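Each remark here refers to the structure printed beneath this line.
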Amino acid sequence: MSSRARIGIVVAAVVVLVVGFIIANGSGDDDKAKTTADTTAVAPAPSDTTATGGTATQATTPPPSAPAVPTVTVVDAKPQGGVKRITFTKGDTIKFRVKSDTADEIHFHGYDVHKDVKAGGSATFSVPATIEGRFIVELEDHGTQIAEVEVDPS
């Protein structure tokens, strides 16, 4: 098989993979489909040097996205949707964010971490999960519980 024929086969395979991917991920949401198509690339793999002289293609996919950071939203000094329950496993990292329209000090009890939040601002907590149990997160000055963090045994 000639070099041009092999290149033609690789190009055709890449086109088929890209078209198949776009069709499989079509959701009717043009923006989402465009974003997915724009961020996913298919590249040919290095040439196979076996006696057959064949080539291979390899699809590359974006790395998996990090899990979303749990967010507690505070409106008028109260947790929107009620007290948020967040669970972690001992040995992991406890990570959550508080967005507030009220200025206050946020106190993560048990771990005894305090952070100030300005009105319209946010504060992010990130601590190693070293203590098992249930812990209150509150707006300190208002005395209002906004979250409960549970750390389960590993």
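Labeling convention for the structure tokens: chains A, B, ... as they appear, residues from 1 per chain, ligands from 1 in order of appearance.
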Quiz item: Residues at most 8 Å from region 135-149 of chain A, counting only C-alpha atoms, excluding those fewer than 3 positions away in the same chain, as a list of chain:residue names?
Solution: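 With the cut-off at 8 Å, the set is A:Val72, A:Val74, A:Ala77, A:Lys78, A:Pro79, A:Gly82, A:Val83, A:Lys84, A:Arg85, A:Ile86, A:Thr87, A:Phe88, A:Asp104, A:Glu105, A:Ile106, A:His107, A:Phe108, A:His109, A:Gly110.
Note that the spacing between CA of Gly133 (chain A) and CA of Thr102 (chain A) amounts to 28.1 Å.
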Quiz prompt | Residue nearest Lys115 (chain A) - candidates A:Gly91, A:Ala5, A:Arg97, A:Asp76, atoms counted: only C-alpha atoms | solution = A:Arg97
For Asp101 (chain A), work out the shell of residues within 6 Å, counting only C-alpha atoms and skipping chain neighbours fewer than 6 positions away, then give it as a short mmCIF file (atom, residue, chain, number, x, y, z; two decimals) with N, CA, C and O atoms, in the first residue's frame.
data_model
loop_
_atom_site.label_atom_id
_atom_site.label_comp_id
_atom_site.auth_asym_id
_atom_site.auth_seq_id
_atom_site.Cartn_x
_atom_site.Cartn_y
_atom_site.Cartn_z
N VAL A 75 -28.50 34.32 51.94
CA VAL A 75 -29.31 35.47 51.54
C VAL A 75 -30.01 35.98 52.80
O VAL A 75 -30.70 35.21 53.48
N ALA A 119 -20.06 41.45 52.39
CA ALA A 119 -21.36 41.41 51.72
C ALA A 119 -21.13 41.30 50.21
O ALA A 119 -20.36 42.07 49.65
N GLY A 120 -21.73 40.30 49.59
CA GLY A 120 -21.57 40.08 48.16
C GLY A 120 -20.31 39.30 47.83
O GLY A 120 -20.00 39.11 46.66
#
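Taking CA of Ser126 (chain A) and CA of Ala66 (chain A) as endpoints, the distance between them is 14.8 Å.
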Exercise. Could you tell me how far CA of Thr93 (chain A) lies from CA of Val151 (chain A), in Å and to one decimal?
Key: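 According to the coordinates, CA of Thr93 (chain A) and CA of Val151 (chain A) are separated by 10.1 Å.
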Exercise. Write out as an MDAnalysis selection string the residues lying within 10 Å of Val69 (chain A), counting only C-alpha atoms and excluding same-chain residues fewer than 5 positions away.
Key: chainID A and resid 94:97 124:125
